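Dropping start-v8.csv in here (CSV, C-alpha atoms):
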chain,number,residue,atom,x,y,z
X,1,MET,CA,0.0,0.0,0.0
X,2,GLY,CA,1.3,3.5,-0.9
X,3,LEU,CA,0.2,6.8,0.7
X,4,THR,CA,-2.1,6.9,3.7
X,5,ILE,CA,-3.4,9.7,5.9
X,6,GLY,CA,-2.9,9.8,9.7
X,7,VAL,CA,-5.2,12.0,11.8
X,8,ASP,CA,-4.3,13.4,15.2
X,9,ILE,CA,-7.2,14.9,17.3
X,10,GLY,CA,-5.8,17.5,19.6
X,11,GLY,CA,-7.5,19.8,22.1
X,12,THR,CA,-7.1,22.9,19.9
X,13,LYS,CA,-6.5,21.5,16.4
X,14,ILE,CA,-7.1,18.4,14.3
X,15,ALA,CA,-4.1,17.6,12.0
X,16,ALA,CA,-4.2,15.2,9.0
X,17,GLY,CA,-1.0,14.2,7.3
X,18,VAL,CA,-0.1,12.3,4.1
X,19,VAL,CA,2.5,9.7,5.1
X,20,ASP,CA,4.6,7.5,2.9
X,21,GLU,CA,5.9,3.9,3.6
X,22,GLU,CA,9.0,5.3,5.2
X,23,GLY,CA,7.1,7.3,7.7
X,24,THR,CA,7.8,10.7,6.1
X,25,ILE,CA,5.0,13.3,6.3
X,26,LEU,CA,4.6,14.7,2.8
X,27,GLU,CA,1.8,17.2,3.5
X,28,THR,CA,-0.4,18.3,6.4
X,29,HIS,CA,-3.7,20.0,6.8
X,30,LYS,CA,-4.9,21.4,10.1
X,31,VAL,CA,-8.3,22.7,11.2
X,32,PRO,CA,-9.5,24.0,14.6
X,33,THR,CA,-11.0,21.5,17.0
X,34,PRO,CA,-14.7,22.2,17.3
X,35,PRO,CA,-16.5,22.2,20.6
X,36,THR,CA,-19.0,19.5,19.8
X,37,ALA,CA,-18.7,15.8,19.2
X,38,GLU,CA,-20.4,15.9,15.8
X,39,GLY,CA,-18.4,18.9,14.8
X,40,ILE,CA,-15.2,17.0,15.4
X,41,VAL,CA,-16.4,14.3,12.9
X,42,ASP,CA,-16.9,17.1,10.4
X,43,ALA,CA,-13.5,18.5,11.1
X,44,ILE,CA,-11.8,15.2,10.7
X,45,CYS,CA,-13.3,14.7,7.3
X,46,ALA,CA,-12.4,18.3,6.3
X,47,ALA,CA,-8.8,17.7,7.4
X,48,VAL,CA,-8.6,14.4,5.5
X,49,SER,CA,-9.9,16.0,2.4
X,50,GLY,CA,-7.6,18.9,2.6
X,51,ALA,CA,-4.5,16.8,3.2
X,52,GLY,CA,-5.3,14.3,0.5
X,53,GLU,CA,-6.0,16.7,-2.3
X,54,GLY,CA,-3.7,15.9,-5.2
X,55,HIS,CA,-2.6,12.6,-3.7
X,56,GLN,CA,-3.6,9.0,-4.3
X,57,ILE,CA,-4.6,8.0,-0.8
X,58,GLU,CA,-5.2,4.3,0.1
X,59,ALA,CA,-6.6,4.5,3.7
X,60,VAL,CA,-7.0,6.7,6.7
X,61,GLY,CA,-5.9,6.1,10.3
X,62,ILE,CA,-7.4,8.1,13.2
X,63,GLY,CA,-5.7,8.4,16.6
X,64,ALA,CA,-8.4,9.1,19.2
X,65,ALA,CA,-8.0,9.5,23.0
X,66,GLY,CA,-10.1,7.0,24.8
X,67,TYR,CA,-11.2,3.4,24.6
X,68,VAL,CA,-11.4,2.0,21.1
X,69,ASP,CA,-13.1,-1.4,20.5
X,70,ASP,CA,-11.3,-4.5,19.2
X,71,LYS,CA,-12.5,-3.9,15.7
X,72,ARG,CA,-10.8,-0.5,15.6
X,73,ALA,CA,-14.0,1.1,14.6
X,74,THR,CA,-15.9,2.4,17.6
X,75,VAL,CA,-14.8,4.8,20.3
X,76,LEU,CA,-16.4,3.3,23.4
X,77,PHE,CA,-15.5,6.1,25.6
X,78,ALA,CA,-13.6,9.4,25.2
X,79,PRO,CA,-12.7,11.4,28.3
X,80,ASN,CA,-12.6,14.8,26.7
X,81,ILE,CA,-15.1,14.4,23.9
X,82,ASN,CA,-18.8,13.3,24.4
X,83,TRP,CA,-18.3,10.1,22.5
X,84,ARG,CA,-20.0,7.0,23.9
X,85,HIS,CA,-20.0,4.0,21.5
X,86,GLU,CA,-19.3,6.5,18.7
X,87,PRO,CA,-19.1,4.6,15.3
X,88,LEU,CA,-16.3,6.8,14.1
X,89,LYS,CA,-15.0,4.5,11.4
X,90,ASP,CA,-18.4,4.2,9.7
X,91,LYS,CA,-19.1,7.9,9.9
X,92,VAL,CA,-15.7,9.0,8.4
X,93,GLU,CA,-15.7,6.2,5.8
X,94,GLN,CA,-19.0,7.3,4.5
X,95,ARG,CA,-17.8,10.9,4.1
X,96,VAL,CA,-14.3,10.4,2.7
X,97,GLY,CA,-14.8,7.2,0.6
X,98,LEU,CA,-11.7,5.5,2.0
X,99,PRO,CA,-11.0,2.6,4.4
X,100,VAL,CA,-10.6,3.9,7.9
X,101,VAL,CA,-8.9,2.5,11.0
X,102,VAL,CA,-9.5,4.0,14.4
X,103,GLU,CA,-6.8,3.5,17.1
X,104,ASN,CA,-6.2,4.8,20.6
X,105,ASP,CA,-3.9,7.8,20.2
X,106,ALA,CA,-1.2,6.5,22.7
X,107,ASN,CA,-1.2,3.2,20.8
X,108,ALA,CA,-0.7,5.1,17.5
X,109,ALA,CA,2.1,7.1,19.0
X,110,ALA,CA,3.8,4.0,20.3
X,111,TRP,CA,3.5,2.3,16.9
X,112,GLY,CA,5.0,5.4,15.2
X,113,GLU,CA,8.0,5.3,17.6
X,114,TYR,CA,8.4,1.6,17.2
X,115,ARG,CA,8.4,1.7,13.4
X,116,PHE,CA,10.2,5.0,12.6
X,117,GLY,CA,11.6,6.4,15.8
X,118,ALA,CA,13.4,5.3,19.0
X,119,GLY,CA,12.0,1.8,18.8
X,120,GLN,CA,13.7,0.8,15.6
X,121,GLY,CA,15.8,-2.4,16.1
X,122,HIS,CA,13.7,-3.6,19.1
X,123,ASP,CA,11.1,-6.4,19.0
X,124,ASP,CA,9.6,-5.7,22.4
X,125,VAL,CA,8.9,-2.1,23.4
X,126,ILE,CA,6.8,-0.4,26.0
X,127,CYS,CA,6.0,3.3,25.4
X,128,ILE,CA,4.7,5.8,27.8
X,129,THR,CA,3.6,9.3,27.1
X,130,LEU,CA,4.0,11.9,29.8
X,131,GLY,CA,1.6,14.6,28.8
X,132,THR,CA,-1.3,16.2,30.6
X,133,GLY,CA,-2.0,12.6,31.6
X,134,LEU,CA,-0.1,9.4,31.1
X,135,GLY,CA,-0.8,7.1,28.2
X,136,GLY,CA,1.0,4.0,26.9
X,137,GLY,CA,1.4,1.3,24.2
X,138,ILE,CA,2.6,-2.2,24.1
X,139,ILE,CA,4.6,-3.8,21.3
X,140,ILE,CA,5.6,-7.4,22.0
X,141,GLY,CA,7.0,-9.7,19.3
X,142,ASN,CA,6.7,-6.9,16.8
X,143,LYS,CA,3.0,-6.6,17.2
X,144,LEU,CA,0.8,-3.9,18.8
X,145,ARG,CA,-0.9,-5.6,21.7
X,146,ARG,CA,-4.4,-4.2,22.3
X,147,GLY,CA,-6.0,-6.8,24.5
X,148,ARG,CA,-9.1,-8.8,23.9
X,149,PHE,CA,-11.4,-5.8,24.0
X,150,GLY,CA,-9.0,-3.3,22.5
X,151,VAL,CA,-8.4,-1.2,25.6
X,152,ALA,CA,-5.0,-2.5,26.9
X,153,ALA,CA,-2.1,-0.3,27.9
X,154,GLU,CA,-4.1,2.3,29.9
X,155,PHE,CA,-1.1,2.6,32.2
X,156,GLY,CA,-2.1,5.9,33.5
X,157,HIS,CA,-4.9,4.3,35.4
X,158,ILE,CA,-3.0,1.6,37.2
X,159,ARG,CA,-3.5,2.4,40.9
X,160,VAL,CA,-0.1,3.0,42.5
X,161,VAL,CA,-1.4,4.6,45.8
X,162,PRO,CA,-4.3,2.9,47.5
X,163,ASP,CA,-6.9,5.6,48.4
X,164,GLY,CA,-4.6,8.2,46.8
X,165,LEU,CA,-5.4,11.3,44.9
X,166,LEU,CA,-8.7,11.4,43.0
X,167,CYS,CA,-8.3,10.9,39.3
X,168,GLY,CA,-10.4,12.2,36.5
X,169,CYS,CA,-11.4,8.6,35.7
X,170,GLY,CA,-13.2,8.4,39.0
X,171,SER,CA,-10.7,6.1,40.7
X,172,GLN,CA,-8.0,7.1,43.3
X,173,GLY,CA,-4.3,6.8,43.3
X,174,CYS,CA,-3.8,6.4,39.6
X,175,TRP,CA,-0.3,6.5,38.2
X,176,GLU,CA,-0.9,9.6,36.1
X,177,GLN,CA,-1.8,11.6,39.2
X,178,TYR,CA,1.9,11.2,40.2
X,179,ALA,CA,3.7,11.1,36.9
X,180,SER,CA,2.3,13.5,34.3
X,181,GLY,CA,2.3,17.2,33.4
X,182,ARG,CA,-0.5,17.8,35.8
X,183,ALA,CA,1.4,16.2,38.6
X,184,LEU,CA,4.5,18.3,37.7
X,185,VAL,CA,2.6,21.5,38.1
X,186,ARG,CA,1.1,20.3,41.4
X,187,TYR,CA,4.6,19.5,42.8
X,188,ALA,CA,6.0,22.8,41.8
X,189,ARG,CA,3.1,24.8,43.3
X,190,GLN,CA,3.3,22.9,46.6
X,191,ARG,CA,7.0,23.3,46.8
X,192,ALA,CA,6.9,27.0,45.9
X,193,ASN,CA,4.3,27.6,48.5
X,194,ALA,CA,6.3,25.8,51.2
X,195,THR,CA,9.7,27.4,50.3
X,196,PRO,CA,9.2,30.5,48.2
X,197,GLU,CA,12.8,31.5,48.9
X,198,ASN,CA,14.0,28.6,46.8
X,199,ALA,CA,11.6,29.4,43.9
X,200,GLY,CA,12.6,32.9,42.9
X,201,THR,CA,13.1,32.2,39.3
X,202,LEU,CA,10.1,30.0,39.0
X,203,LEU,CA,7.7,32.5,40.7
X,204,GLY,CA,9.1,35.3,38.6
X,205,LEU,CA,8.2,33.6,35.4
X,206,GLY,CA,4.5,33.5,36.4
X,207,ASP,CA,2.5,36.1,38.3
X,208,GLY,CA,4.5,35.8,41.5
X,209,THR,CA,2.2,33.3,43.2
X,210,PRO,CA,2.4,29.5,43.4
X,211,GLU,CA,-1.1,29.3,41.8
X,212,GLY,CA,0.2,31.2,38.8
X,213,ILE,CA,2.9,28.5,38.0
X,214,GLU,CA,2.3,26.6,34.7
X,215,GLY,CA,4.2,23.8,33.0
X,216,ARG,CA,6.2,26.1,30.7
X,217,HIS,CA,7.4,28.1,33.7
X,218,ILE,CA,8.7,24.9,35.4
X,219,SER,CA,10.7,23.9,32.3
X,220,ALA,CA,12.3,27.3,31.9
X,221,ALA,CA,13.1,27.7,35.6
X,222,ALA,CA,14.6,24.2,35.8
X,223,ARG,CA,16.9,25.0,32.8
X,224,ALA,CA,17.9,28.2,34.7
X,225,GLY,CA,18.8,26.1,37.8
X,226,ASP,CA,15.8,26.9,40.0
X,227,PRO,CA,15.9,24.4,42.9
X,228,VAL,CA,12.2,24.0,43.3
X,229,ALA,CA,11.7,23.4,39.5
X,230,ILE,CA,14.5,20.9,39.4
X,231,ASP,CA,13.2,19.1,42.5
X,232,SER,CA,9.7,19.0,41.0
X,233,PHE,CA,11.0,17.2,37.9
X,234,ARG,CA,12.9,14.8,40.1
X,235,GLU,CA,9.7,13.9,42.0
X,236,LEU,CA,7.8,13.2,38.8
X,237,ALA,CA,10.8,11.1,37.6
X,238,ARG,CA,10.8,9.1,40.8
X,239,TRP,CA,7.2,8.0,40.2
X,240,ALA,CA,7.7,7.5,36.5
X,241,GLY,CA,10.8,5.3,37.0
X,242,ALA,CA,9.2,3.2,39.7
X,243,GLY,CA,6.2,2.6,37.4
X,244,LEU,CA,8.5,1.5,34.6
X,245,ALA,CA,10.1,-1.0,37.0
X,246,ASP,CA,6.7,-2.5,37.6
X,247,LEU,CA,6.0,-2.7,33.9
X,248,ALA,CA,9.4,-4.5,33.4
X,249,SER,CA,8.1,-7.2,35.8
X,250,LEU,CA,5.0,-7.5,33.6
X,251,PHE,CA,6.4,-7.3,30.1
X,252,ASP,CA,10.2,-7.6,30.2
X,253,PRO,CA,10.8,-5.3,27.2
X,254,SER,CA,14.2,-4.5,25.7
X,255,ALA,CA,13.3,-0.8,25.7
X,256,PHE,CA,11.0,1.7,27.3
X,257,ILE,CA,10.3,4.8,25.2
X,258,VAL,CA,9.3,7.9,27.0
X,259,GLY,CA,7.4,10.5,25.0
X,260,GLY,CA,4.9,13.3,25.6
X,261,GLY,CA,5.5,17.0,26.4
X,262,VAL,CA,7.3,16.3,29.7
X,263,SER,CA,9.9,14.3,27.9
X,264,ASP,CA,10.8,17.3,25.8
X,265,GLU,CA,13.1,18.3,28.6
X,266,GLY,CA,15.5,15.5,27.7
X,267,GLU,CA,18.0,14.4,30.2
X,268,LEU,CA,16.6,16.8,32.8
X,269,VAL,CA,13.8,14.3,33.3
X,270,LEU,CA,15.2,11.1,31.6
X,271,ASP,CA,18.3,10.7,33.7
X,272,PRO,CA,16.4,10.7,37.0
X,273,ILE,CA,13.8,8.4,35.5
X,274,ARG,CA,16.5,5.9,34.7
X,275,LYS,CA,17.9,6.2,38.2
X,276,SER,CA,14.5,5.6,39.7
X,277,PHE,CA,13.9,2.6,37.3
X,278,ARG,CA,17.2,1.0,38.4
X,279,ARG,CA,16.4,1.7,42.1
X,280,TRP,CA,13.0,-0.1,42.0
X,281,LEU,CA,13.7,-2.8,39.5
X,282,ILE,CA,13.1,-6.1,41.3
X,283,GLY,CA,16.3,-8.2,41.1
X,284,GLY,CA,18.0,-5.4,39.2
X,285,GLU,CA,21.4,-6.4,40.4
X,286,TRP,CA,21.2,-9.7,38.6
X,287,ARG,CA,19.0,-9.2,35.6
X,288,PRO,CA,19.4,-7.4,32.3
X,289,HIS,CA,18.0,-3.8,32.3
X,290,ALA,CA,15.8,-2.5,29.6
X,291,GLN,CA,17.0,0.7,27.9
X,292,VAL,CA,15.0,3.9,28.8
X,293,LEU,CA,15.0,6.0,25.6
X,294,ALA,CA,13.7,9.4,24.6
X,295,ALA,CA,11.0,9.4,21.9
X,296,GLN,CA,12.2,10.8,18.6
X,297,LEU,CA,9.2,11.8,16.7
X,298,GLY,CA,7.7,14.3,19.1
X,299,GLY,CA,4.2,15.5,18.4
X,300,GLU,CA,4.2,13.7,15.0
X,301,ALA,CA,4.4,10.2,16.5
X,302,GLY,CA,0.6,9.7,16.7
X,303,LEU,CA,-0.1,11.0,13.2
X,304,VAL,CA,2.7,8.9,11.7
X,305,GLY,CA,1.7,5.8,13.7
X,306,ALA,CA,-2.0,6.1,12.8
X,307,ALA,CA,-1.2,6.4,9.1
X,308,ASP,CA,1.1,3.3,9.3
X,309,LEU,CA,-1.6,1.3,11.2
X,310,ALA,CA,-4.0,2.2,8.4
X,311,ARG,CA,-1.5,0.8,5.9
X,312,GLN,CA,-1.3,-2.4,8.0
X,313,GLY,CA,-5.0,-2.8,7.6

Is it possible to give me this structure as structure tokens?
Amino acid sequence: MGLTIGVDIGGTKIAAGVVDEEGTILETHKVPTPPTAEGIVDAICAAVSGAGEGHQIEAVGIGAAGYVDDKRATVLFAPNINWRHEPLKDKVEQRVGLPVVVENDANAAAWGEYRFGAGQGHDDVICITLGTGLGGGIIIGNKLRRGRFGVAAEFGHIRVVPDGLLCGCGSQGCWEQYASGRALVRYARQRANATPENAGTLLGLGDGTPEGIEGRHISAAARAGDPVAIDSFRELARWAGAGLADLASLFDPSAFIVGGGVSDEGELVLDPIRKSFRRWLIGGEWRPHAQVLAAQLGGEAGLVGAADLARQG
């Protein structure tokens, strides 16, 4: 199969890209994300039509946040869109006249990294995305493992603290409450409130109050050497690495790939993640250690992965 289109549904924009067999994006078309569920379907179709104009397109892959059924057709539940058993495949196919595959967005990003990014050369890879929340993907034996009902690898909702912090999913103590962009902001605000004298740079980048601290401020402050910002990244990394150690006990991959916006800080977060992983790996003194690698495709991983999964059929 030749050219396919991958679609990434973001909070502010929907991006469609024409992708070749080497994972190269040849053309993109972006449209604003509408506020309604039905409007998003319209926007997906518009983005696909815009990107595909002038190209011979064979299929479309859509990365959607939420639970996607085992037939890769229906979004069973989307946390940020009012989709409940949404027949997304059928709706888009009828409009664009092309075969459509729907995949969980973290799975799509994991597949993109496995095929064309940091996972190349590995048969067994576990991916996590440290963004606003925490997503994941499982590739074992060169195959994306989705589970019997299509909803595997929701790593962010593994409960790591019994009766811990309330999660948006309705449970308590989920991993993403301790290792995610949201968690990073919470750590920084708490620490800046407790020891403002150690957070001068961090507070100065916002409005001067702990409540005004945002993720971008923490990154900039950490790069400038702000102690509170650096310590906040270390706390996130402690939880992230401990979780990877648990996943190593389950899957025994040769590599973990860490993506998402938080990972854009590179070794500032990856080095302490590796240290925490080694600290909590059961039998780590006597067993081989999986590599902990930075994702390479950035924000394009999901689009590229969705397009390639459409090519796989």

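The nearest approach to Asn82 in chain X among the residues X:Ala109, X:Ala37, X:Ala237, X:Cys45, with all atoms listed in the file taken into account, belongs to X:Ala37.
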
Practice task
Mind checking which residues fall within 6 Å of Arg72 in chain X, counting all atoms listed in the file, ignoring those fewer than 6 positions away in the same chain, and posting them as a list in words?
Solution key: Val101, Val102 and Glu103 of chain X

Exercise for the section: Could you give me, as a list in words, the residues within 8 Å of Gly63 in chain X, counting all atoms listed in the file and dropping anything in the same chain fewer than 5 positions from it? Expected result: Gly6, Val7, Asp8, Ile9, Val102, Glu103, Asn104, Asp105, Ala106, Ala108, Gly302, Leu303 and Ala306 of chain X

Handout entry: Selection: 7 Å around Ala295 in chain X, all atoms listed in the file, excl. self and same-chain fewer than 4 positions, as number ranges by chain
Key = X: 113, 117-118, 257-259

Exercise for the section: Might you pull out every residue within 10 Å of Ala51 in chain X, with all atoms listed in the file counted and same-chain residues fewer than 3 positions away left off, and present them as a ChimeraX atom specification? Expected result: /X:5-7,15-18,26-30,45-48,54-55,57

Keeping only C-alpha atoms, write the selected residues as a tab-separated table (two decimals), in the coordinates of the input.
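So the final result, stored in out11.tsv, reads:
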chain	number	residue	atom	x	y	z
X	5	ILE	CA	-3.40	9.70	5.90
X	6	GLY	CA	-2.90	9.80	9.70
X	7	VAL	CA	-5.20	12.00	11.80
X	15	ALA	CA	-4.10	17.60	12.00
X	16	ALA	CA	-4.20	15.20	9.00
X	17	GLY	CA	-1.00	14.20	7.30
X	18	VAL	CA	-0.10	12.30	4.10
X	26	LEU	CA	4.60	14.70	2.80
X	27	GLU	CA	1.80	17.20	3.50
X	28	THR	CA	-0.40	18.30	6.40
X	29	HIS	CA	-3.70	20.00	6.80
X	30	LYS	CA	-4.90	21.40	10.10
X	45	CYS	CA	-13.30	14.70	7.30
X	46	ALA	CA	-12.40	18.30	6.30
X	47	ALA	CA	-8.80	17.70	7.40
X	48	VAL	CA	-8.60	14.40	5.50
X	54	GLY	CA	-3.70	15.90	-5.20
X	55	HIS	CA	-2.60	12.60	-3.70
X	57	ILE	CA	-4.60	8.00	-0.80

Practice task
Counting all atoms listed in the file, figure out which residue out of X:Ala43, X:Val19, X:Cys127, X:Leu88 gets nearest to Gln291 in chain X.
Solution key: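 Closest to Gln291 in chain X of all the choices is X:Cys127.
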
Exercise for the section: Check the smallest atom-to-atom distance from each of X:Ala220, X:Val41, X:Ala310, X:Glu300 to Ile25 in chain X using all atoms listed in the file, then report the winner. Expected result: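 Among the listed residues, X:Glu300 lies closest to Ile25 in chain X.
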
Problem - From X:Val262, X:Ala59, X:Leu3, X:Ala64, residue lying nearest Ile40 in chain X [all atoms listed in the file] - result: X:Ala64

Contacts of Ile138 in chain X within 7 Å, all atoms listed in the file, excl. fewer than 3 positions in-chain, as a tab-separated table (two decimals) with C-alpha atoms, keeping the file's coordinate frame:
chain	number	residue	atom	x	y	z
X	125	VAL	CA	8.90	-2.10	23.40
X	126	ILE	CA	6.80	-0.40	26.00
X	127	CYS	CA	6.00	3.30	25.40
X	144	LEU	CA	0.80	-3.90	18.80
X	145	ARG	CA	-0.90	-5.60	21.70
X	153	ALA	CA	-2.10	-0.30	27.90

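Take CA of Asp207 in chain X and CA of Ala188 in chain X: the distance between them is 14.2 Å.
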
Practice task
Could you please determine the separation between CA of Gly243 in chain X and CA of Lys143 in chain X in Å, to one decimal place?
Solution key: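 Atom-to-atom, CA of Gly243 in chain X to CA of Lys143 in chain X, that is 22.4 Å.
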